[in-house]
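Below is upload_10.txt, holding compact mmCIF, C-alpha atoms.
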# COMPACT_ATOMS: atom_id res chain seq x y z
CA MET A 8 106.26 226.87 62.37
CA PRO A 9 108.12 228.27 59.28
CA GLN A 10 109.95 231.52 60.02
CA PRO A 11 110.03 234.55 57.67
CA ILE A 12 113.31 235.13 55.86
CA ASN A 13 113.01 238.90 56.21
CA ILE A 14 112.50 241.52 58.93
CA SER A 15 108.82 241.21 59.79
CA ALA A 16 106.75 243.62 61.89
CA SER A 17 106.77 241.19 64.82
CA ARG A 18 110.59 241.47 64.90
CA ALA A 19 110.70 245.27 65.03
CA ALA A 20 110.74 245.52 68.82
CA ALA A 21 113.51 242.95 69.14
CA LEU A 22 115.82 244.80 66.77
CA LEU A 23 115.08 248.08 68.58
CA GLY A 24 115.74 246.54 72.02
CA GLN A 25 112.12 246.78 73.16
CA SER A 26 111.00 243.14 73.24
CA GLU A 27 110.56 240.99 76.32
CA TYR A 28 110.57 237.82 74.23
CA GLN A 29 113.14 238.19 71.43
CA THR A 30 116.63 239.62 70.98
CA PRO A 31 118.62 240.57 67.86
CA VAL A 32 120.48 237.26 68.23
CA SER A 33 117.29 235.15 68.27
CA VAL A 34 115.88 237.05 65.26
CA TRP A 35 119.20 236.69 63.42
CA LEU A 36 119.37 232.95 64.02
CA GLN A 37 115.79 232.49 62.76
CA ILE A 38 116.43 234.53 59.61
CA MET A 39 119.78 232.91 58.82
CA GLU A 40 118.40 229.39 59.23
CA ALA A 41 115.33 230.22 57.11
CA ARG A 42 117.52 231.68 54.35
CA ASP A 43 120.11 228.90 54.52
CA PRO A 44 118.83 225.66 56.13
CA GLY A 45 121.63 224.04 58.10
CA PHE A 46 123.35 227.36 58.84
CA CYS A 47 123.07 226.91 62.62
CA ALA A 48 124.38 223.35 62.58
CA ARG A 49 127.39 224.34 60.47
CA ARG A 50 128.20 227.24 62.81
CA GLY A 51 127.63 225.21 65.97
CA TYR A 52 124.63 227.31 67.02
CA ILE A 53 121.27 226.22 68.43
CA LEU A 54 118.04 227.75 67.16
CA PRO A 55 115.98 229.44 69.88
CA VAL A 56 112.88 227.48 70.82
CA ILE A 57 109.71 229.23 69.67
CA GLU A 58 106.75 228.01 71.69
CA TYR A 59 103.15 228.31 70.56
CA THR A 60 101.88 229.85 73.75
CA PRO A 61 98.29 230.08 75.04
CA ALA A 62 98.40 233.84 74.40
CA MET A 63 99.27 233.22 70.74
CA ARG A 64 96.56 230.56 70.45
CA TRP A 65 93.85 232.84 71.86
CA GLY A 66 95.07 235.75 69.76
CA HIS A 67 94.69 233.70 66.59
CA ALA A 68 91.30 232.35 67.68
CA PHE A 69 89.89 235.86 68.17
CA GLU A 70 91.55 237.53 65.18
CA SER A 71 88.43 237.50 62.99
CA ALA A 72 86.18 238.41 65.91
CA ILE A 73 88.24 241.54 66.59
CA VAL A 74 88.03 242.47 62.90
CA GLU A 75 84.24 242.32 63.14
CA LEU A 76 84.14 244.43 66.31
CA ALA A 77 86.56 247.00 64.85
CA SER A 78 84.62 247.24 61.60
CA ALA A 79 81.35 247.75 63.49
CA GLU A 80 82.93 250.37 65.77
CA LYS A 81 84.09 252.51 62.83
CA GLY A 82 81.21 251.64 60.50
CA THR A 83 83.73 250.74 57.81
CA PRO A 84 84.46 247.34 56.25
CA ILE A 85 87.90 245.84 56.82
CA THR A 86 89.55 243.77 54.13
CA ASP A 87 92.83 243.09 52.33
CA ARG A 88 94.50 240.92 54.99
CA GLU A 89 97.64 240.26 52.96
CA LYS A 90 101.40 240.20 53.25
CA PHE A 91 103.47 243.19 52.16
CA PHE A 92 107.13 243.41 51.23
CA ALA A 93 109.05 246.68 51.29
CA THR A 94 112.40 247.99 50.17
CA SER A 95 114.69 249.92 52.45
CA GLY A 96 112.88 253.09 51.37
CA ALA A 97 109.73 254.07 53.29
CA GLY A 98 106.46 253.61 51.48
CA GLU A 99 107.56 251.35 48.62
CA TYR A 100 105.80 248.02 48.68
CA SER A 101 104.62 245.20 46.49
CA ARG A 102 102.06 242.46 46.95
CA THR A 103 104.09 240.17 44.71
CA PRO A 104 106.46 238.32 47.06
CA GLU A 105 108.60 236.81 44.29
CA LEU A 106 109.20 240.18 42.60
CA SER A 107 109.89 241.91 45.89
CA LEU A 108 112.45 239.36 47.04
CA GLU A 109 114.03 239.36 43.60
CA ARG A 110 114.76 243.06 44.04
CA GLY A 111 116.41 242.51 47.39
CA HIS A 112 113.61 243.75 49.61
CA PHE A 113 114.22 242.90 53.24
CA LEU A 114 111.14 244.20 55.09
CA THR A 115 107.83 242.43 55.28
CA CYS A 116 104.65 242.65 57.28
CA HIS A 117 101.35 240.86 57.60
CA ILE A 118 98.51 243.27 58.23
CA ASP A 119 95.41 242.27 60.16
CA GLY A 120 93.27 244.40 57.86
CA LEU A 121 92.76 247.55 55.83
CA TYR A 122 89.83 249.93 56.33
CA ILE A 123 88.05 250.34 52.98
CA GLY A 124 87.53 253.90 51.80
CA ASP A 125 90.00 255.70 54.07
CA ASP A 126 92.24 258.13 52.18
CA PRO A 127 95.05 258.00 53.14
CA PRO A 128 94.58 254.33 54.07
CA SER A 129 94.17 253.21 57.69
CA LEU A 130 95.36 249.81 58.85
CA HIS A 131 93.66 247.58 61.39
CA GLU A 132 95.73 245.77 64.02
CA GLY A 133 94.04 243.50 66.57
CA LYS A 134 95.33 242.38 69.97
CA THR A 135 94.08 240.33 72.91
CA THR A 136 95.37 240.75 76.44
CA SER A 137 94.51 240.20 80.09
CA GLU A 138 92.84 242.84 82.24
CA PHE A 139 95.94 243.16 84.46
CA TYR A 140 98.30 243.70 81.52
CA TYR A 141 95.88 246.15 79.93
CA HIS A 142 95.63 248.35 83.01
CA THR A 143 99.41 248.36 83.56
CA HIS A 144 100.57 248.87 79.97
CA PHE A 145 97.91 250.86 78.07
CA GLY A 146 96.80 254.48 78.36
CA ASP A 147 93.40 255.99 77.71
CA PRO A 148 91.48 254.65 74.66
CA GLY A 149 91.68 256.95 71.65
CA THR A 150 95.29 257.88 72.38
CA ASP A 151 98.50 256.28 71.12
CA LYS A 152 99.54 255.08 74.58
CA VAL A 153 100.24 251.42 73.85
CA PRO A 154 103.18 249.16 74.79
CA PRO A 155 106.40 250.06 72.90
CA GLU A 156 106.37 246.67 71.15
CA TYR A 157 102.96 247.43 69.61
CA GLN A 158 103.94 250.99 68.71
CA LEU A 159 106.98 249.71 66.79
CA GLN A 160 104.96 246.97 65.11
CA CYS A 161 102.47 249.55 63.86
CA GLN A 162 105.20 251.93 62.66
CA HIS A 163 106.79 249.02 60.79
CA GLN A 164 103.49 248.25 59.08
CA MET A 165 103.14 251.87 58.01
CA ILE A 166 106.69 251.84 56.62
CA CYS A 167 105.82 248.81 54.51
CA THR A 168 102.41 249.93 53.26
CA GLY A 169 102.62 253.72 53.09
CA ALA A 170 99.66 254.03 55.44
CA GLU A 171 99.59 257.00 57.82
CA ARG A 172 97.46 255.56 60.61
CA VAL A 173 96.90 252.25 62.39
CA ILE A 174 93.79 251.74 64.49
CA LEU A 175 94.85 249.23 67.14
CA SER A 176 91.89 247.36 68.63
CA VAL A 177 92.31 245.53 71.93
CA LEU A 178 90.01 242.83 73.27
CA VAL A 179 90.58 242.43 77.00
CA PHE A 180 89.97 239.15 78.83
CA PRO A 181 88.97 239.49 82.52
CA LYS A 182 91.27 236.53 83.26
CA ARG A 183 94.64 235.47 81.91
CA VAL A 184 94.19 232.99 79.05
CA GLU A 185 96.18 230.41 81.02
CA GLU A 186 93.45 230.58 83.68
CA TRP A 187 90.73 230.07 81.06
CA GLU A 188 92.55 226.99 79.80
CA GLU A 189 92.90 225.65 83.34
CA MET A 190 89.10 225.98 83.55
CA GLY A 191 88.79 223.83 80.43
CA TYR A 192 88.27 226.48 77.74
CA ILE A 193 90.52 225.55 74.81
CA PRO A 194 90.67 227.30 71.39
CA VAL A 195 90.57 224.71 68.61
CA LYS A 196 90.98 225.29 64.88
CA SER A 197 88.96 223.02 62.58
CA GLU A 198 90.26 221.51 59.34
CA ASN A 199 88.52 224.25 57.34
CA GLY A 200 90.26 226.95 59.37
CA VAL A 201 87.36 227.95 61.65
CA TRP A 202 88.15 228.61 65.29
CA ARG A 203 85.93 227.61 68.22
CA ILE A 204 86.28 227.50 72.00
CA ASP A 205 85.77 223.98 73.32
CA ASN A 206 84.88 222.98 76.86
CA GLU A 207 84.10 219.43 77.93
CA LYS A 208 81.18 220.74 80.03
CA PHE A 209 79.39 222.10 76.95
CA ILE A 210 77.75 220.12 74.17
CA ASN A 211 78.29 222.91 71.64
CA ALA A 212 81.51 224.82 71.17
CA ILE A 213 81.54 228.60 71.65
CA ASP A 214 81.98 230.85 68.62
CA PRO A 215 84.75 233.38 69.45
CA ILE A 216 82.65 236.22 67.97
CA GLU A 217 79.88 235.54 70.51
CA TRP A 218 82.40 235.72 73.33
CA ALA A 219 83.97 238.87 71.84
CA ARG A 220 80.61 240.63 71.47
CA THR A 221 79.75 239.91 75.08
CA LEU A 222 83.10 241.27 76.28
CA ALA A 223 82.65 244.39 74.13
CA GLU A 224 79.20 245.00 75.66
CA MET A 225 80.82 244.74 79.09
CA GLY A 226 83.40 247.41 78.20
CA PHE A 227 86.34 245.15 77.44
CA PHE A 228 86.98 246.36 73.89
CA HIS A 229 89.13 249.46 73.27
CA GLN A 230 90.76 251.24 70.34
CA TYR A 231 93.92 253.33 69.94
CA GLU A 232 95.17 255.49 67.07
CA ILE A 233 98.82 255.15 66.08
CA HIS A 234 99.93 257.78 63.57
CA ALA A 235 103.01 257.62 61.37
CA HIS A 236 106.07 259.03 63.13
CA PRO A 237 108.63 259.93 60.43
CA GLU A 238 111.53 260.48 62.84
CA LEU A 239 110.96 257.14 64.58
CA GLN A 240 110.51 255.37 61.25
CA SER A 241 113.81 256.84 60.03
CA LYS A 242 115.60 255.49 63.09
CA MET A 243 113.96 252.11 62.59
CA LEU A 244 115.08 251.96 58.96
CA THR A 245 118.64 252.89 59.94
CA ARG A 246 118.71 250.05 62.46
CA TYR A 247 117.14 247.65 59.96
CA ARG A 248 119.72 248.47 57.27
CA GLU A 249 122.57 248.01 59.73
CA PHE A 250 121.21 244.67 60.89
CA TRP A 251 120.56 243.46 57.34
CA GLU A 252 123.85 244.55 55.83
CA VAL A 253 126.17 243.72 58.72
CA ASN A 254 124.49 240.77 60.41
CA VAL A 255 122.45 239.05 57.68
CA LEU A 256 124.34 239.74 54.46
CA GLY A 257 127.64 239.81 56.35
CA ALA A 258 126.70 236.65 58.34
CA ARG A 259 127.99 238.31 61.51
CA GLU A 260 126.29 237.48 64.77
CA PRO A 261 124.77 240.41 66.74
CA GLU A 262 126.05 241.18 70.21
CA PRO A 263 124.40 238.85 72.78
CA GLN A 264 121.86 240.50 75.08
CA SER A 265 120.90 237.62 77.37
CA MET A 266 121.98 234.29 78.81
CA ASP A 267 119.69 232.59 76.29
CA ASP A 268 121.68 234.27 73.51
CA ILE A 269 124.90 232.79 74.91
CA LYS A 270 123.32 229.33 75.13
CA CYS A 271 122.27 229.53 71.47
CA LEU A 272 125.62 230.84 70.22
CA CYS A 273 127.79 228.51 72.31
CA PRO A 274 125.89 225.42 73.52
CA SER A 275 129.06 223.46 74.47
CA PRO A 276 131.45 225.73 76.38
CA VAL A 277 134.95 224.33 76.97
CA GLY A 278 138.41 225.82 77.47
CA THR A 279 140.28 228.29 79.64
CA VAL A 280 140.23 232.02 78.95
CA VAL A 281 142.31 234.79 80.54
CA ALA A 282 140.27 237.89 81.32
CA ASP A 283 141.24 241.38 80.30
CA GLU A 284 141.19 244.31 82.72
CA ALA A 285 137.63 245.40 81.84
CA ILE A 286 136.17 241.93 82.44
CA GLU A 287 138.05 241.61 85.72
CA ARG A 288 136.57 244.89 86.94
CA MET A 289 133.07 243.83 85.94
CA LEU A 290 133.31 240.54 87.80
CA TYR A 291 134.63 242.26 90.93
CA GLU A 292 131.64 244.60 90.65
CA ARG A 293 129.32 241.61 90.43
CA ASP A 294 130.80 240.05 93.56
CA SER A 295 130.48 243.29 95.49
CA ILE A 296 126.74 243.72 94.82
CA LYS A 297 125.48 240.12 94.77
CA SER A 298 124.44 240.16 98.43
CA GLU A 299 122.42 243.35 98.00
CA ILE A 300 120.26 242.50 95.04
CA SER A 301 116.97 240.98 94.08
CA ALA A 302 116.66 239.20 90.76
CA THR A 303 114.16 241.71 89.37
CA GLY A 304 115.72 244.95 90.66
CA ALA A 305 118.15 247.26 88.93
CA LEU A 306 121.16 245.60 90.53
CA GLY A 307 119.86 242.20 89.52
CA LYS A 308 119.71 243.36 85.91
CA ARG A 309 123.24 244.71 86.22
CA VAL A 310 124.52 241.32 87.40
CA GLU A 311 122.80 239.71 84.41
CA GLN A 312 124.51 242.20 82.09
CA ILE A 313 127.88 241.41 83.65
CA LYS A 314 127.35 237.66 83.21
CA VAL A 315 126.42 238.09 79.55
CA ALA A 316 129.40 240.39 78.93
CA ALA A 317 131.81 237.96 80.62
CA LEU A 318 130.48 234.99 78.69
CA ASP A 319 130.54 236.86 75.39
CA TYR A 320 134.17 237.73 76.11
CA MET A 321 134.95 234.07 76.86
CA ARG A 322 133.15 233.01 73.68
CA THR A 323 135.20 235.29 71.45
CA ALA A 324 138.55 235.61 73.23
CA GLY A 325 139.91 232.23 72.17
CA ALA A 326 139.83 229.47 74.78
CA VAL A 327 142.73 227.09 75.42
CA LEU A 328 141.67 223.54 76.25
CA ASP A 329 143.43 221.97 79.24
CA ASP A 330 142.72 219.37 81.94
CA GLU A 331 140.85 221.90 84.09
CA SER A 332 138.56 223.04 81.30
CA LYS A 333 137.89 219.98 79.17
CA ASP A 334 134.18 220.05 80.04
CA LYS A 335 133.58 223.74 80.87
CA TRP A 336 134.75 227.29 80.42
CA LEU A 337 137.19 228.69 82.96
CA LEU A 338 137.89 232.40 83.22
CA LEU A 339 141.18 233.32 84.89
CA SER A 340 142.47 236.67 86.02
CA ARG A 341 145.65 238.02 84.45
CA ASP A 342 147.63 236.70 87.45
CA GLY A 343 146.08 233.21 87.13
CA ARG A 344 143.31 233.29 89.74
CA LYS A 345 139.94 231.71 88.94
CA LEU A 346 137.30 234.36 88.33
CA ALA A 347 134.39 232.31 87.00
CA SER A 348 133.32 229.06 85.41
CA TYR A 349 130.50 228.18 83.04
CA TYR A 350 129.31 224.67 82.23
CA ARG A 351 126.33 222.47 81.47
CA ASP A 352 125.43 220.11 84.30
CA LYS A 353 124.07 216.55 84.03
CA ARG A 354 120.48 217.84 83.93
CA GLY A 355 121.28 220.10 80.97
CA TYR A 356 121.19 223.34 82.98
CA TYR A 357 123.82 226.01 82.31
CA ILE A 358 125.66 227.13 85.44
CA PHE A 359 127.68 230.32 85.80
CA ARG A 360 129.54 230.80 89.05

Could I get this structure in the form of structure tokens?
Amino acid sequence: MPQPINISASRAAALLGQSEYQTPVSVWLQIMEARDPGFCARRGYILPVIEYTPAMRWGHAFESAIVELASAEKGTPITDREKFFATSGAGEYSRTPELSLERGHFLTCHIDGLYIGDDPPSLHEGKTTSEFYYHTHFGDPGTDKVPPEYQLQCQHQMICTGAERVILSVLVFPKRVEEWEEMGYIPVKSENGVWRIDNEKFINAIDPIEWARTLAEMGFFHQYEIHAHPELQSKMLTRYREFWEVNVLGAREPEPQSMDDIKCLCPSPVGTVVADEAIERMLYERDSIKSEISATGALGKRVEQIKVAALDYMRTAGAVLDDESKDKWLLLSRDGRKLASYYRDKRGYYIFR
């Protein structure tokens, strides 16, 4: 799937540290490779794998159905599902991609729709989710209590378009989409771009709008109002400019945030590195709390942070290749004791110990 060469709305949360799925490093690698094919290979990086998940498939299949439900709910037609490009200044946008890129614009967004007749304009954004996720991540309908990732996506869209409100519509599935697919319900897109839900038990495929209408009648369709937040948008633009100027135009990698970032930035770790005092202290801290943690608790997250910090130090400190480290990284204390090692085993798994 081709990746945008700019900062899109779906990347907002990653650059603001609010995404469960992307980091600044993964976004940077995607943008740099899209702008300069072969960039990753020349730098010795690996592009992050972007999977087309069931959640994405179902979201695309029900996109038009949610537009119809949202339009009916408000009694206003929704149209103008286009791509927008913006400059670093809020509110400036153009629907001419070539002209926008020519002027150095670095923000872009794809809107799900625009409510006709609203002044100032209101944007439509559609989402699908499971009942469990909905009840644990959303507030009362009619409010702006939505997951941070969606809030930032909507603010980004308002920056690009000049709109002052996004009506976020959510279609909730009683089951996780993975469960529906295990039951044989599979979204399929025809050659002419029409989605349907196939099931080998049925002669005729299901139209997503029929499914969506039924769910709405059962109370599984909700709407939220996200209003422009100038202070938040200003902070977003500051972060965007920093990322664009330092990391993209300056071709400087962002600071790694996860083990996956390390794997992408240094897929073949070799050499011996001597730790500095700060890294030594962090690794001693890790050893002291390992027996008390669970992987998902606060201490577990701290251990993960320590691992990433240690590996980022090893990646940038300048390794010396010797007999002990010809096929792995070794981290030694300042007095020569082994603190940690990092390598790729025969199965391709990365091991840090």

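Residue nearest Thr136 of chain A, chosen from A:Glu80, A:Glu311, A:Asp119, A:Glu185 and counting only C-alpha atoms: A:Glu185.
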
request  = Determine the nearest neighbour of Asp151 of chain A from the options A:Ser295, A:Thr279, A:Gln230, A:Asn206, counting only C-alpha atoms.
outcome  =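 Of the candidates, the smallest distance to Asp151 of chain A is held by A:Gln230.
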
query = Can you list, as a list in words, every protein, DNA or RNA residue that comes within 12 Å of Arg49 of chain A when you count only C-alpha atoms, leaving out same-chain residues fewer than 6 positions away?
reply = Met39, Glu40, Asp43 and Leu272 of chain A

message = Just want the 7 Å neighbourhood of segment 329-343 of chain A, counted on all atoms listed in the file, with same-chain residues fewer than 2 positions away dropped. Output as an MDAnalysis selection string.
response = chainID A and resid 276:283 287 327 345:350

inquiry  = Could you check the closest approach to Arg64 of chain A for each of A:Ile204, A:Ala326, A:Tyr356, A:Asn211 and tell me which residue wins, using all atoms listed in the file?
reply    =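 Closest residue, counting all atoms listed in the file: A:Ile204.
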
ask   = Any idea what's packed within 10 Å of Phe145 of chain A, counting all atoms listed in the file, ignoring anything in its chain fewer than 3 positions away? Could you give it as an MDAnalysis selection string?
value = chainID A and resid 140:142 148 150:155 177 231

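Among the candidates A:Leu175, A:Val310, A:Ile14, A:Ile296, the residue lying nearest to His234 of chain A is A:Leu175 (atoms considered: only C-alpha atoms).
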
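Ranking A:Arg50, A:Arg220, A:His117, A:His229 by their shortest atom-to-atom distance to Thr135 of chain A, with all atoms listed in the file included, puts A:His229 first.
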
inquiry  = Considering only C-alpha atoms, can you say which of A:Leu306, A:Ala19, A:Ala212, A:Cys273 comes closest to Val195 of chain A?
reply    = A:Ala212

request  = Could you jot down the atom CA of Gln312 of chain A to atom CA of Asp294 of chain A separation for me, Å, one decimal place?
outcome  = 13.3 Å

query = What is the atom CA of Ile269 of chain A-atom CA of Ala21 of chain A distance in Å, reported with one decimal?
reply = 16.3 Å

Tell me, as a compact mmCIF listing (two decimals) with C-alpha atoms, in the coordinates of the input, which residues lie within 12 Å of segment 28-33 of chain A, counting only C-alpha atoms; anything in the same chain fewer than 5 positions away does not count.
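The result, stored in result.txt:
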# COMPACT_ATOMS: atom_id res chain seq x y z
CA GLN A 10 109.95 231.52 60.02
CA ILE A 14 112.50 241.52 58.93
CA SER A 17 106.77 241.19 64.82
CA ARG A 18 110.59 241.47 64.90
CA ALA A 19 110.70 245.27 65.03
CA ALA A 20 110.74 245.52 68.82
CA ALA A 21 113.51 242.95 69.14
CA LEU A 22 115.82 244.80 66.77
CA LEU A 23 115.08 248.08 68.58
CA ILE A 38 116.43 234.53 59.61
CA MET A 39 119.78 232.91 58.82
CA GLU A 40 118.40 229.39 59.23
CA CYS A 47 123.07 226.91 62.62
CA TYR A 52 124.63 227.31 67.02
CA ILE A 53 121.27 226.22 68.43
CA LEU A 54 118.04 227.75 67.16
CA PRO A 55 115.98 229.44 69.88
CA VAL A 56 112.88 227.48 70.82
CA ILE A 57 109.71 229.23 69.67
CA GLU A 58 106.75 228.01 71.69
CA THR A 60 101.88 229.85 73.75
CA GLU A 156 106.37 246.67 71.15
CA ARG A 246 118.71 250.05 62.46
CA TYR A 247 117.14 247.65 59.96
CA GLU A 249 122.57 248.01 59.73
CA PHE A 250 121.21 244.67 60.89
CA TRP A 251 120.56 243.46 57.34
CA ASN A 254 124.49 240.77 60.41
CA VAL A 255 122.45 239.05 57.68
CA ALA A 258 126.70 236.65 58.34
CA ARG A 259 127.99 238.31 61.51
CA GLU A 260 126.29 237.48 64.77
CA PRO A 261 124.77 240.41 66.74
CA GLU A 262 126.05 241.18 70.21
CA PRO A 263 124.40 238.85 72.78
CA GLN A 264 121.86 240.50 75.08
CA SER A 265 120.90 237.62 77.37
CA MET A 266 121.98 234.29 78.81
CA ASP A 267 119.69 232.59 76.29
CA ASP A 268 121.68 234.27 73.51
CA ILE A 269 124.90 232.79 74.91
CA LYS A 270 123.32 229.33 75.13
CA CYS A 271 122.27 229.53 71.47
CA LEU A 272 125.62 230.84 70.22
